[in-house]
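Structure data (PDB, C-alpha atoms) from work.pdb:
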```pdb
MODEL        1
ATOM      1  CA  MET A   1       0.000   0.000   0.000
ATOM      2  CA  GLU A   2       2.825   2.399   0.873
ATOM      3  CA  ARG A   3       4.535   1.582  -2.415
ATOM      4  CA  LEU A   4       1.304   2.381  -4.263
ATOM      5  CA  ARG A   5       0.995   5.722  -2.467
ATOM      6  CA  ARG A   6       4.579   6.594  -3.348
ATOM      7  CA  HIS A   7       3.909   5.673  -6.970
ATOM      8  CA  ARG A   8       0.840   7.913  -7.077
ATOM      9  CA  ARG A   9       2.721  10.791  -5.468
ATOM     10  CA  GLY A  10       5.514  10.357  -7.994
ATOM     11  CA  ALA A  11       3.077  10.353 -10.897
ATOM     12  CA  ASP A  12       1.348  13.495  -9.613
ATOM     13  CA  SER A  13       4.702  15.217  -9.165
ATOM     14  CA  ALA A  14       5.765  14.283 -12.704
ATOM     15  CA  ILE A  15       2.515  15.682 -14.099
ATOM     16  CA  ARG A  16       2.991  18.955 -12.186
ATOM     17  CA  ALA A  17       6.613  19.208 -13.335
ATOM     18  CA  GLY A  18       5.597  18.576 -16.935
ATOM     19  CA  ALA A  19       2.805  21.142 -16.843
ATOM     20  CA  ALA A  20       5.132  23.733 -15.286
ATOM     21  CA  ALA A  21       7.823  23.089 -17.900
ATOM     22  CA  ALA A  22       5.302  23.429 -20.731
ATOM     23  CA  ALA A  23       3.936  26.662 -19.285
ATOM     24  CA  ALA A  24       7.415  28.156 -18.866
ATOM     25  CA  ALA A  25       8.389  27.179 -22.403
ATOM     26  CA  GLU A  26       5.168  28.611 -23.799
ATOM     27  CA  VAL A  27       5.852  32.002 -22.235
ATOM     28  CA  GLU A  28       9.412  32.022 -23.555
ATOM     29  CA  ALA A  29       8.408  31.207 -27.097
ATOM     30  CA  ALA A  30       5.247  33.303 -27.335
ATOM     31  CA  GLY A  31       6.869  36.511 -28.511
ATOM     32  CA  SER A  32      10.012  35.195 -30.169
ATOM     33  CA  SER A  33       9.190  32.296 -32.508
ATOM     34  CA  PRO A  34       7.795  32.834 -36.005
ATOM     35  CA  ALA A  35       4.648  30.961 -36.958
ATOM     36  CA  ALA A  36       5.525  27.437 -38.040
ATOM     37  CA  ALA A  37       4.510  26.380 -41.552
ATOM     38  CA  ASP A  38       3.822  22.856 -40.266
ATOM     39  CA  ALA A  39       1.926  23.818 -37.144
ATOM     40  CA  ARG A  40       0.903  20.264 -36.190
ATOM     41  CA  SER A  41       4.421  18.809 -36.159
ATOM     42  CA  ALA A  42       7.400  19.445 -33.900
ATOM     43  CA  ALA A  43      10.677  17.878 -32.819
ATOM     44  CA  PHE A  44      11.881  17.331 -29.248
ATOM     45  CA  PHE A  45      15.573  16.982 -28.438
ATOM     46  CA  ASP A  46      17.220  15.867 -25.215
ATOM     47  CA  VAL A  47      20.319  17.956 -24.421
ATOM     48  CA  ASP A  48      23.048  16.069 -22.531
ATOM     49  CA  ASN A  49      24.974  13.710 -24.840
ATOM     50  CA  THR A  50      22.257  14.162 -27.478
ATOM     51  CA  MET A  51      22.551  17.810 -28.525
ATOM     52  CA  MET A  52      25.641  18.552 -26.431
ATOM     53  CA  MET A  53      28.772  16.565 -25.642
ATOM     54  CA  GLY A  54      28.621  15.740 -21.941
ATOM     55  CA  ALA A  55      26.442  17.301 -19.261
ATOM     56  CA  SER A  56      25.394  20.912 -19.779
ATOM     57  CA  ILE A  57      25.160  21.514 -16.052
ATOM     58  CA  TYR A  58      28.710  20.212 -15.555
ATOM     59  CA  HIS A  59      30.009  22.695 -18.111
ATOM     60  CA  PHE A  60      28.007  25.363 -16.294
ATOM     61  CA  ALA A  61      29.641  24.326 -13.025
ATOM     62  CA  ARG A  62      33.067  24.613 -14.662
ATOM     63  CA  GLY A  63      32.241  28.171 -15.630
ATOM     64  CA  MET A  64      31.127  28.898 -12.083
ATOM     65  CA  ALA A  65      34.381  27.482 -10.730
ATOM     66  CA  ALA A  66      36.347  29.717 -13.110
ATOM     67  CA  ARG A  67      34.490  32.674 -11.573
ATOM     68  CA  LYS A  68      35.489  31.540  -8.057
ATOM     69  CA  TYR A  69      31.981  30.623  -6.967
ATOM     70  CA  PHE A  70      33.629  27.423  -5.789
ATOM     71  CA  THR A  71      36.963  25.664  -6.246
ATOM     72  CA  THR A  72      38.227  23.256  -8.852
ATOM     73  CA  ARG A  73      38.638  20.793  -5.992
ATOM     74  CA  ASP A  74      34.871  20.958  -5.418
ATOM     75  CA  LEU A  75      34.363  20.344  -9.128
ATOM     76  CA  ALA A  76      36.673  17.323  -9.051
ATOM     77  CA  ARG A  77      34.834  15.964  -6.021
ATOM     78  CA  PHE A  78      31.556  16.325  -7.883
ATOM     79  CA  ALA A  79      32.912  14.393 -10.869
ATOM     80  CA  TRP A  80      34.230  11.617  -8.630
ATOM     81  CA  GLN A  81      30.952  11.321  -6.758
ATOM     82  CA  GLN A  82      29.080  11.072 -10.060
ATOM     83  CA  ILE A  83      31.189   8.015 -10.876
ATOM     84  CA  ALA A  84      30.523   6.546  -7.435
ATOM     85  CA  PHE A  85      26.772   6.935  -7.844
ATOM     86  CA  ARG A  86      27.004   5.461 -11.350
ATOM     87  CA  LEU A  87      28.505   2.320  -9.831
ATOM     88  CA  SER A  88      26.446   2.020  -6.630
ATOM     89  CA  GLY A  89      23.072   3.334  -7.777
ATOM     90  CA  GLU A  90      20.838   6.064  -6.420
ATOM     91  CA  ARG A  91      18.463   5.661  -3.504
ATOM     92  CA  PRO A  92      15.234   7.670  -3.301
ATOM     93  CA  GLU A  93      15.823   8.590   0.330
ATOM     94  CA  ASP A  94      19.262  10.005  -0.473
ATOM     95  CA  MET A  95      17.845  11.998  -3.378
ATOM     96  CA  ALA A  96      15.095  13.449  -1.211
ATOM     97  CA  GLN A  97      17.492  14.443   1.566
ATOM     98  CA  THR A  98      20.053  16.071  -0.708
ATOM     99  CA  LYS A  99      17.351  17.873  -2.683
ATOM    100  CA  GLU A 100      15.825  19.371   0.434
ATOM    101  CA  ALA A 101      19.226  20.390   1.802
ATOM    102  CA  ALA A 102      20.212  21.996  -1.492
ATOM    103  CA  LEU A 103      16.929  23.837  -1.964
ATOM    104  CA  SER A 104      17.515  25.720   1.271
ATOM    105  CA  PHE A 105      20.174  27.762  -0.573
ATOM    106  CA  VAL A 106      17.792  28.995  -3.260
ATOM    107  CA  ALA A 107      15.352  31.299  -1.486
ATOM    108  CA  GLY A 108      15.894  34.927  -2.426
ATOM    109  CA  MET A 109      18.242  34.314  -5.353
ATOM    110  CA  GLU A 110      17.510  36.345  -8.486
ATOM    111  CA  VAL A 111      16.557  34.448 -11.627
ATOM    112  CA  SER A 112      18.291  37.053 -13.786
ATOM    113  CA  GLU A 113      21.655  36.246 -12.225
ATOM    114  CA  ILE A 114      21.503  32.625 -13.355
ATOM    115  CA  VAL A 115      20.347  33.667 -16.824
ATOM    116  CA  ARG A 116      23.259  36.093 -17.168
ATOM    117  CA  LEU A 117      25.778  33.485 -16.050
ATOM    118  CA  GLY A 118      24.221  30.906 -18.344
ATOM    119  CA  GLU A 119      24.643  33.152 -21.374
ATOM    120  CA  GLU A 120      28.273  33.877 -20.558
ATOM    121  CA  ILE A 121      29.197  30.277 -19.822
ATOM    122  CA  TYR A 122      27.376  28.888 -22.850
ATOM    123  CA  ASP A 123      29.454  31.103 -25.131
ATOM    124  CA  GLU A 124      32.673  30.211 -23.320
ATOM    125  CA  LEU A 125      32.311  26.458 -22.758
ATOM    126  CA  MET A 126      29.211  24.945 -24.343
ATOM    127  CA  ALA A 127      28.951  26.325 -27.876
ATOM    128  CA  GLU A 128      31.906  24.278 -29.093
ATOM    129  CA  ARG A 129      30.427  21.123 -27.561
ATOM    130  CA  ILE A 130      27.272  21.038 -29.643
ATOM    131  CA  TRP A 131      27.150  17.888 -31.776
ATOM    132  CA  PRO A 132      27.170  19.127 -35.415
ATOM    133  CA  GLY A 133      25.188  16.082 -36.534
ATOM    134  CA  THR A 134      22.421  16.611 -34.002
ATOM    135  CA  ARG A 135      22.326  20.330 -34.714
ATOM    136  CA  ALA A 136      21.884  19.512 -38.396
ATOM    137  CA  LEU A 137      18.923  17.244 -37.558
ATOM    138  CA  ALA A 138      17.287  20.077 -35.631
ATOM    139  CA  GLN A 139      17.878  22.449 -38.535
ATOM    140  CA  GLN A 140      16.165  20.027 -40.920
ATOM    141  CA  HIS A 141      13.016  20.264 -38.806
ATOM    142  CA  LEU A 142      13.233  24.043 -38.719
ATOM    143  CA  ASP A 143      13.710  24.175 -42.495
ATOM    144  CA  ALA A 144      10.589  22.019 -42.846
ATOM    145  CA  GLY A 145       8.619  24.647 -40.948
ATOM    146  CA  GLN A 146       8.423  22.636 -37.715
ATOM    147  CA  ARG A 147       9.063  23.922 -34.220
ATOM    148  CA  VAL A 148      11.991  22.448 -32.296
ATOM    149  CA  TRP A 149      12.115  22.178 -28.509
ATOM    150  CA  LEU A 150      14.808  21.063 -26.110
ATOM    151  CA  VAL A 151      13.515  18.754 -23.361
ATOM    152  CA  THR A 152      15.921  18.377 -20.467
ATOM    153  CA  ALA A 153      16.330  17.955 -16.733
ATOM    154  CA  THR A 154      18.640  20.963 -16.893
ATOM    155  CA  PRO A 155      17.174  24.071 -15.210
ATOM    156  CA  VAL A 156      14.782  25.782 -17.587
ATOM    157  CA  GLU A 157      16.745  29.050 -17.420
ATOM    158  CA  LEU A 158      19.884  27.355 -18.775
ATOM    159  CA  ALA A 159      17.872  25.232 -21.230
ATOM    160  CA  GLN A 160      16.301  28.372 -22.698
ATOM    161  CA  VAL A 161      19.721  29.972 -23.119
ATOM    162  CA  ILE A 162      20.883  26.934 -25.099
ATOM    163  CA  ALA A 163      17.739  26.939 -27.238
ATOM    164  CA  ASN A 164      18.082  30.662 -27.955
ATOM    165  CA  ARG A 165      21.730  30.339 -28.905
ATOM    166  CA  LEU A 166      20.877  27.485 -31.306
ATOM    167  CA  GLY A 167      17.975  29.368 -32.859
ATOM    168  CA  LEU A 168      15.399  26.814 -31.690
ATOM    169  CA  THR A 169      11.800  27.452 -30.716
ATOM    170  CA  GLY A 170      12.205  27.005 -26.966
ATOM    171  CA  ALA A 171      12.984  24.618 -24.139
ATOM    172  CA  LEU A 172      11.278  22.470 -21.559
ATOM    173  CA  GLY A 173      13.358  22.161 -18.386
ATOM    174  CA  THR A 174      13.218  21.748 -14.637
ATOM    175  CA  VAL A 175      11.269  24.628 -13.093
ATOM    176  CA  ALA A 176      12.186  26.177  -9.766
ATOM    177  CA  GLU A 177       9.432  28.267  -8.226
ATOM    178  CA  SER A 178       9.970  32.017  -8.248
ATOM    179  CA  GLU A 179       8.085  35.089  -7.091
ATOM    180  CA  ASP A 180       8.887  38.653  -8.159
ATOM    181  CA  GLY A 181      11.991  37.471  -9.986
ATOM    182  CA  ALA A 182      13.485  35.579  -7.030
ATOM    183  CA  TYR A 183      13.553  31.884  -6.196
ATOM    184  CA  THR A 184      11.372  30.693  -3.332
ATOM    185  CA  GLY A 185      13.445  27.598  -2.521
ATOM    186  CA  HIS A 186      10.929  25.108  -3.960
ATOM    187  CA  LEU A 187      10.597  23.139  -7.164
ATOM    188  CA  VAL A 188       7.395  22.967  -9.164
ATOM    189  CA  GLY A 189       6.816  19.222  -9.129
ATOM    190  CA  GLU A 190      10.049  17.303  -9.661
ATOM    191  CA  PRO A 191      13.088  17.408 -11.960
ATOM    192  CA  LEU A 192      12.118  17.093 -15.612
ATOM    193  CA  HIS A 193      13.428  13.559 -15.883
ATOM    194  CA  GLY A 194      12.039  10.308 -17.246
ATOM    195  CA  PRO A 195       8.214  10.312 -17.047
ATOM    196  CA  ALA A 196       8.163  14.042 -16.305
ATOM    197  CA  LYS A 197       9.644  14.738 -19.754
ATOM    198  CA  ALA A 198       6.800  12.807 -21.351
ATOM    199  CA  GLU A 199       4.275  14.779 -19.294
ATOM    200  CA  ALA A 200       5.867  18.040 -20.411
ATOM    201  CA  VAL A 201       5.707  17.049 -24.068
ATOM    202  CA  LYS A 202       2.061  15.976 -23.722
ATOM    203  CA  ALA A 203       1.147  19.233 -21.989
ATOM    204  CA  LEU A 204       2.917  21.307 -24.633
ATOM    205  CA  ALA A 205       1.340  19.317 -27.446
ATOM    206  CA  GLU A 206      -2.122  19.926 -26.037
ATOM    207  CA  ARG A 207      -1.568  23.659 -25.675
ATOM    208  CA  GLU A 208       0.117  24.097 -29.056
ATOM    209  CA  GLY A 209      -2.235  21.823 -31.015
ATOM    210  CA  LEU A 210       0.479  19.338 -31.962
ATOM    211  CA  ASP A 211      -0.237  15.886 -33.352
ATOM    212  CA  LEU A 212       2.267  13.683 -31.520
ATOM    213  CA  ALA A 213       1.959  11.001 -34.192
ATOM    214  CA  ARG A 214       3.512  13.539 -36.586
ATOM    215  CA  CYS A 215       6.227  14.630 -34.119
ATOM    216  CA  SER A 216       9.795  13.419 -33.616
ATOM    217  CA  ALA A 217      11.903  12.912 -30.492
ATOM    218  CA  TYR A 218      15.647  12.419 -30.074
ATOM    219  CA  SER A 219      17.574  11.119 -27.056
ATOM    220  CA  ASP A 220      20.644   9.140 -26.019
ATOM    221  CA  SER A 221      19.206   7.545 -22.888
ATOM    222  CA  ALA A 222      16.793   4.733 -22.073
ATOM    223  CA  ASN A 223      15.520   6.991 -19.294
ATOM    224  CA  ASP A 224      13.768   8.938 -22.040
ATOM    225  CA  LEU A 225      11.767   5.976 -23.341
ATOM    226  CA  PRO A 226       8.513   7.536 -22.033
ATOM    227  CA  MET A 227       9.116  10.600 -24.226
ATOM    228  CA  LEU A 228      10.371   8.634 -27.227
ATOM    229  CA  SER A 229       7.343   6.340 -27.061
ATOM    230  CA  LEU A 230       4.941   9.275 -27.366
ATOM    231  CA  VAL A 231       5.864  10.341 -30.869
ATOM    232  CA  GLY A 232       5.517   8.905 -34.340
ATOM    233  CA  HIS A 233       9.232   9.175 -35.136
ATOM    234  CA  ALA A 234      11.721   8.298 -32.376
ATOM    235  CA  VAL A 235      15.481   8.481 -32.958
ATOM    236  CA  ALA A 236      18.224   7.161 -30.688
ATOM    237  CA  VAL A 237      21.185   9.554 -30.844
ATOM    238  CA  ASN A 238      24.545   8.462 -29.401
ATOM    239  CA  PRO A 239      22.514   5.836 -27.510
ATOM    240  CA  ASP A 240      23.429   4.031 -24.322
ATOM    241  CA  SER A 241      23.377   0.233 -24.573
ATOM    242  CA  GLU A 242      19.842  -0.166 -23.233
ATOM    243  CA  LEU A 243      18.374   2.404 -25.602
ATOM    244  CA  ARG A 244      20.274   0.900 -28.523
ATOM    245  CA  ARG A 245      18.726  -2.508 -27.793
ATOM    246  CA  GLU A 246      15.271  -0.983 -27.434
ATOM    247  CA  ALA A 247      15.649   1.025 -30.647
ATOM    248  CA  ARG A 248      16.602  -2.095 -32.597
ATOM    249  CA  THR A 249      13.652  -3.990 -31.123
ATOM    250  CA  ARG A 250      11.193  -1.237 -32.046
ATOM    251  CA  GLY A 251      12.723  -0.453 -35.419
ATOM    252  CA  TRP A 252      13.706   3.099 -34.437
ATOM    253  CA  GLU A 253      16.370   5.009 -36.310
ATOM    254  CA  ILE A 254      19.808   5.137 -34.652
ATOM    255  CA  ARG A 255      22.284   7.982 -35.201
ATOM    256  CA  ASP A 256      25.703   7.830 -33.554
ATOM    257  CA  PHE A 257      27.970  10.836 -34.042
ATOM    258  CA  ARG A 258      30.640   9.691 -31.593
ATOM    259  CA  THR A 259      34.114   8.461 -32.353
ATOM    260  CA  GLY A 260      35.570   5.874 -29.976
ATOM    261  CA  ARG A 261      37.525   8.567 -28.138
ATOM    262  CA  LYS A 262      34.554  10.884 -27.750
ATOM    263  CA  ALA A 263      32.315   8.043 -26.625
ATOM    264  CA  ALA A 264      34.698   7.291 -23.788
ATOM    265  CA  LEU A 265      35.235  10.938 -22.911
ATOM    266  CA  TYR A 266      31.599  11.996 -22.780
ATOM    267  CA  ALA A 267      29.896   8.843 -21.483
ATOM    268  CA  ILE A 268      29.974  10.153 -17.919
ATOM    269  CA  PRO A 269      26.694  10.173 -16.047
ATOM    270  CA  THR A 270      24.798  13.407 -16.399
ATOM    271  CA  ALA A 271      23.104  15.184 -13.526
ATOM    272  CA  ALA A 272      19.418  15.968 -13.359
ATOM    273  CA  GLY A 273      18.784  19.705 -13.347
ATOM    274  CA  VAL A 274      17.499  20.147  -9.826
ATOM    275  CA  GLY A 275      20.544  18.704  -8.095
ATOM    276  CA  ALA A 276      22.994  20.813 -10.009
ATOM    277  CA  PHE A 277      20.830  23.920 -10.035
ATOM    278  CA  THR A 278      19.787  24.077  -6.417
ATOM    279  CA  GLY A 279      22.733  22.197  -4.973
ATOM    280  CA  GLY A 280      25.977  23.190  -6.605
ATOM    281  CA  VAL A 281      25.300  26.203  -8.771
ATOM    282  CA  ILE A 282      22.829  28.087  -6.615
ATOM    283  CA  ALA A 283      24.636  27.163  -3.432
ATOM    284  CA  GLY A 284      27.801  28.573  -4.946
ATOM    285  CA  VAL A 285      26.102  31.845  -5.818
ATOM    286  CA  ALA A 286      24.498  32.088  -2.399
ATOM    287  CA  LEU A 287      27.742  31.323  -0.606
ATOM    288  CA  GLN A 288      29.565  33.970  -2.612
ATOM    289  CA  ARG A 289      26.987  36.578  -1.725
ATOM    290  CA  ARG A 290      26.993  35.680   1.965
ATOM    291  CA  HIS A 291      30.774  35.650   2.232
ATOM    292  CA  ASN A 292      31.158  38.857   0.252
ATOM    293  CA  ARG A 293      28.892  40.628   2.730
ATOM    294  CA  GLY A 294      31.002  39.638   5.712
ATOM    295  CA  SER A 295      34.515  39.150   4.418
ATOM    296  CA  PRO A 296      36.722  40.214   1.519
ATOM    297  CA  THR A 297      38.135  36.676   1.335
ATOM    298  CA  PRO A 298      37.085  34.984  -1.938
ATOM    299  CA  PRO A 299      34.346  32.449  -1.166
ATOM    300  CA  ALA A 300      36.099  29.604  -2.934
ATOM    301  CA  ARG A 301      38.964  29.868  -0.467
ATOM    302  CA  ARG A 302      36.887  29.926   2.674
ATOM    303  CA  ALA A 303      36.906  26.637   4.577
ATOM    304  CA  ASP A 304      33.254  26.852   5.634
ATOM    305  CA  GLY A 305      32.113  27.600   2.095
ATOM    306  CA  HIS A 306      34.217  24.772   0.728
ATOM    307  CA  GLY A 307      32.765  22.236   3.121
ATOM    308  CA  ALA A 308      29.159  23.248   2.595
ATOM    309  CA  LEU A 309      29.521  23.453  -1.137
ATOM    310  CA  ALA A 310      31.352  20.146  -1.432
ATOM    311  CA  GLY A 311      28.442  18.440   0.271
ATOM    312  CA  ALA A 312      25.739  20.213  -1.712
ATOM    313  CA  LEU A 313      27.551  20.065  -5.032
ATOM    314  CA  GLY A 314      28.684  16.462  -4.764
ATOM    315  CA  ALA A 315      25.721  14.914  -3.018
ATOM    316  CA  ALA A 316      22.950  16.851  -4.707
ATOM    317  CA  LEU A 317      24.415  16.598  -8.181
ATOM    318  CA  SER A 318      25.297  12.946  -7.809
ATOM    319  CA  GLY A 319      22.133  12.113  -5.943
ATOM    320  CA  THR A 320      19.971  12.914  -8.933
ATOM    321  CA  LEU A 321      21.940  11.253 -11.711
ATOM    322  CA  ARG A 322      20.032  10.909 -14.918
ATOM    323  CA  ARG A 323      21.638   7.704 -16.100
ATOM    324  CA  THR A 324      22.028   5.639 -12.957
ATOM    325  CA  ARG A 325      20.730   2.131 -13.389
TER     326      ARG A 325
ENDMDL
END
```

Show the structure stored in the file as structure tokens.
Amino acid sequence: MERLRRHRRGADSAIRAGAAAAAAAEVEAAGSSPAAADARSAAFFDVDNTMMMGASIYHFARGMAARKYFTTRDLARFAWQQIAFRLSGERPEDMAQTKEAALSFVAGMEVSEIVRLGEEIYDELMAERIWPGTRALAQQHLDAGQRVWLVTATPVELAQVIANRLGLTGALGTVAESEDGAYTGHLVGEPLHGPAKAEAVKALAEREGLDLARCSAYSDSANDLPMLSLVGHAVAVNPDSELRREARTRGWEIRDFRTGRKAALYAIPTAAGVGAFTGGVIAGVALQRRHNRGSPTPPARRADGHGALAGALGAALSGTLRRTR
């Protein structure tokens, strides 16, 4: 009975997260996207290891470290803990605890600050990591008069920056609650991950009048099977082994743009947006602000900031891994 209740709560949370992501994306695209010639069709692209080499939020964290929001040692600890979680698996109770601890850093932060940093760091570190082959697939849909959306567990603010830089219609991402331009410290639903991505696509399709049978979806991960199964044309891009098997079974198209070297380099587990956003990135910003108020010492060099951030960055990021089996 308890398992059933947890399942129902999880389903409700995924629906809320999907609806919030669709609403946020709709607002972003309303004034900026031209009318699509093929208004009933669209394409949905995952970001990490599908559109971009590696994890977008990890590249964002690198940019934050370069700006002394935290140290490179914290970043290395995060990467190591991702590997540890990849091997040992994630536990729901750990995810819940780290999420709640990380969210406590968010309240009062300005949304505009994350957007500004996202734009800077995309240009510095992410632009060169876009897969040319996947970008070309997205452009084919645009040239056919179809809208193209990113669908990712990455925070919606960063996802929208990526979509804007690529000239896409918009993005569906993890939504953190905000009021008057500042974060409240709560998520709307859950990270946009797994079933929540499918809920977001369904909600967007309903609002935009899309025929999902005429839509396409692209991903590298078996975690995105709920989203891929919604559409008439599913494509496995740089797929993990489970998705590759499933794609062959279902007769889906497979595109692999990796060389052997790149496959090894970028096949690190990617973090779900909430952990990185509210744990490492936002905690780093908050710690910098707090330390700057009371001390001229750079926050990355303060022992208390290092300890708190190491825990939030490593545990929260690793605790919500997108590809853990």

Mind running segment 95-183 of chain A against segment 46-64 of chain A at 9 Å and telling me each contacting residue's nearest atom pair with the distance in Å (one decimal), counting all atoms listed in the file, chain and number ascending, as JSON lines?
```
{"residue": "A:Leu117", "atom": "CA", "partner": "A:Met64", "partner_atom": "CA", "distance": 8.1}
{"residue": "A:Gly118", "atom": "CA", "partner": "A:Phe60", "partner_atom": "CA", "distance": 7.0}
{"residue": "A:Glu120", "atom": "CA", "partner": "A:Gly63", "partner_atom": "CA", "distance": 8.5}
{"residue": "A:Ile121", "atom": "CA", "partner": "A:Gly63", "partner_atom": "CA", "distance": 5.6}
{"residue": "A:Tyr122", "atom": "CA", "partner": "A:Phe60", "partner_atom": "CA", "distance": 7.5}
{"residue": "A:Glu124", "atom": "CA", "partner": "A:Gly63", "partner_atom": "CA", "distance": 8.0}
{"residue": "A:Leu125", "atom": "CA", "partner": "A:His59", "partner_atom": "CA", "distance": 6.4}
{"residue": "A:Met126", "atom": "CA", "partner": "A:His59", "partner_atom": "CA", "distance": 6.7}
{"residue": "A:Ala127", "atom": "CA", "partner": "A:Met52", "partner_atom": "CA", "distance": 8.6}
{"residue": "A:Glu128", "atom": "CA", "partner": "A:Met52", "partner_atom": "CA", "distance": 8.9}
{"residue": "A:Arg129", "atom": "CA", "partner": "A:Met53", "partner_atom": "CA", "distance": 5.2}
{"residue": "A:Ile130", "atom": "CA", "partner": "A:Met52", "partner_atom": "CA", "distance": 4.4}
{"residue": "A:Trp131", "atom": "CA", "partner": "A:Met52", "partner_atom": "CA", "distance": 5.6}
{"residue": "A:Pro132", "atom": "CA", "partner": "A:Met51", "partner_atom": "CA", "distance": 8.4}
{"residue": "A:Gly133", "atom": "CA", "partner": "A:Met51", "partner_atom": "CA", "distance": 8.6}
{"residue": "A:Thr134", "atom": "CA", "partner": "A:Met51", "partner_atom": "CA", "distance": 5.6}
{"residue": "A:Arg135", "atom": "CA", "partner": "A:Met51", "partner_atom": "CA", "distance": 6.7}
{"residue": "A:Trp149", "atom": "CA", "partner": "A:Asp46", "partner_atom": "CA", "distance": 8.8}
{"residue": "A:Leu150", "atom": "CA", "partner": "A:Asp46", "partner_atom": "CA", "distance": 5.8}
{"residue": "A:Val151", "atom": "CA", "partner": "A:Asp46", "partner_atom": "CA", "distance": 5.0}
{"residue": "A:Thr152", "atom": "CA", "partner": "A:Asp46", "partner_atom": "CA", "distance": 5.5}
{"residue": "A:Ala153", "atom": "CA", "partner": "A:Val47", "partner_atom": "CA", "distance": 8.7}
{"residue": "A:Thr154", "atom": "CA", "partner": "A:Ile57", "partner_atom": "CA", "distance": 6.6}
{"residue": "A:Pro155", "atom": "CA", "partner": "A:Ile57", "partner_atom": "CA", "distance": 8.4}
{"residue": "A:Leu158", "atom": "CA", "partner": "A:Ile57", "partner_atom": "CA", "distance": 8.3}
{"residue": "A:Ala159", "atom": "CA", "partner": "A:Val47", "partner_atom": "CA", "distance": 8.3}
```

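Put simply, atom CA of Gly194 of chain A is 18.7 Å away from atom CA of Trp252 of chain A.
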
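Using only C-alpha atoms, the protein and nucleic acid residues lying no more than 9 Å from Val161 of chain A, apart from those fewer than 2 places from it along its own chain, are Val115, Gly118, Glu119, Tyr122, Val156, Glu157, Leu158, Ala159, Ala163, Asn164, Arg165, Leu166, Gly170 and Ala171 of chain A.
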
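One finds atom CA of Pro226 of chain A at 8.7 Å from atom CA of Ala196 of chain A.
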
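Interatomic distance, atom CA of Gly185 of chain A against atom CA of Val111 of chain A: 11.8 Å.
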
Using only C-alpha atoms, which protein or nucleic acid residues come within 10 Å of Ser178 of chain A? Drop anything in the same chain fewer than 4 positions from it, and give the result as a short mmCIF file (atom, residue, chain, number, x, y, z; two decimals) with C-alpha atoms, keeping the file's coordinate frame.
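Written out: out_16.cif:
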```cif
data_model
loop_
_atom_site.label_atom_id
_atom_site.label_comp_id
_atom_site.auth_asym_id
_atom_site.auth_seq_id
_atom_site.Cartn_x
_atom_site.Cartn_y
_atom_site.Cartn_z
CA VAL A 106 17.79 29.00 -3.26
CA ALA A 107 15.35 31.30 -1.49
CA GLY A 108 15.89 34.93 -2.43
CA MET A 109 18.24 34.31 -5.35
CA GLU A 110 17.51 36.34 -8.49
CA VAL A 111 16.56 34.45 -11.63
CA ALA A 182 13.48 35.58 -7.03
CA TYR A 183 13.55 31.88 -6.20
CA THR A 184 11.37 30.69 -3.33
CA GLY A 185 13.44 27.60 -2.52
CA HIS A 186 10.93 25.11 -3.96
CA LEU A 187 10.60 23.14 -7.16
CA VAL A 188 7.40 22.97 -9.16
#
```

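Closest approach to Lys202 of chain A among A:Pro239, A:Asp123, A:Leu230, A:Glu179: A:Leu230, based on all atoms listed in the file.
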
Would you save segment 173-189 of chain A to a file, keeping C-alpha atoms, as a PDB file, in the first residue's frame?
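part_13.pdb, written as the output of this step:
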```pdb
ATOM      1  CA  GLY A 173      13.358  22.161 -18.386  1.00  0.00           C
ATOM      2  CA  THR A 174      13.218  21.748 -14.637  1.00  0.00           C
ATOM      3  CA  VAL A 175      11.269  24.628 -13.093  1.00  0.00           C
ATOM      4  CA  ALA A 176      12.186  26.177  -9.766  1.00  0.00           C
ATOM      5  CA  GLU A 177       9.432  28.267  -8.226  1.00  0.00           C
ATOM      6  CA  SER A 178       9.970  32.017  -8.248  1.00  0.00           C
ATOM      7  CA  GLU A 179       8.085  35.089  -7.091  1.00  0.00           C
ATOM      8  CA  ASP A 180       8.887  38.653  -8.159  1.00  0.00           C
ATOM      9  CA  GLY A 181      11.991  37.471  -9.986  1.00  0.00           C
ATOM     10  CA  ALA A 182      13.485  35.579  -7.030  1.00  0.00           C
ATOM     11  CA  TYR A 183      13.553  31.884  -6.196  1.00  0.00           C
ATOM     12  CA  THR A 184      11.372  30.693  -3.332  1.00  0.00           C
ATOM     13  CA  GLY A 185      13.445  27.598  -2.521  1.00  0.00           C
ATOM     14  CA  HIS A 186      10.929  25.108  -3.960  1.00  0.00           C
ATOM     15  CA  LEU A 187      10.597  23.139  -7.164  1.00  0.00           C
ATOM     16  CA  VAL A 188       7.395  22.967  -9.164  1.00  0.00           C
ATOM     17  CA  GLY A 189       6.816  19.222  -9.129  1.00  0.00           C
TER      18      GLY A 189
END
```
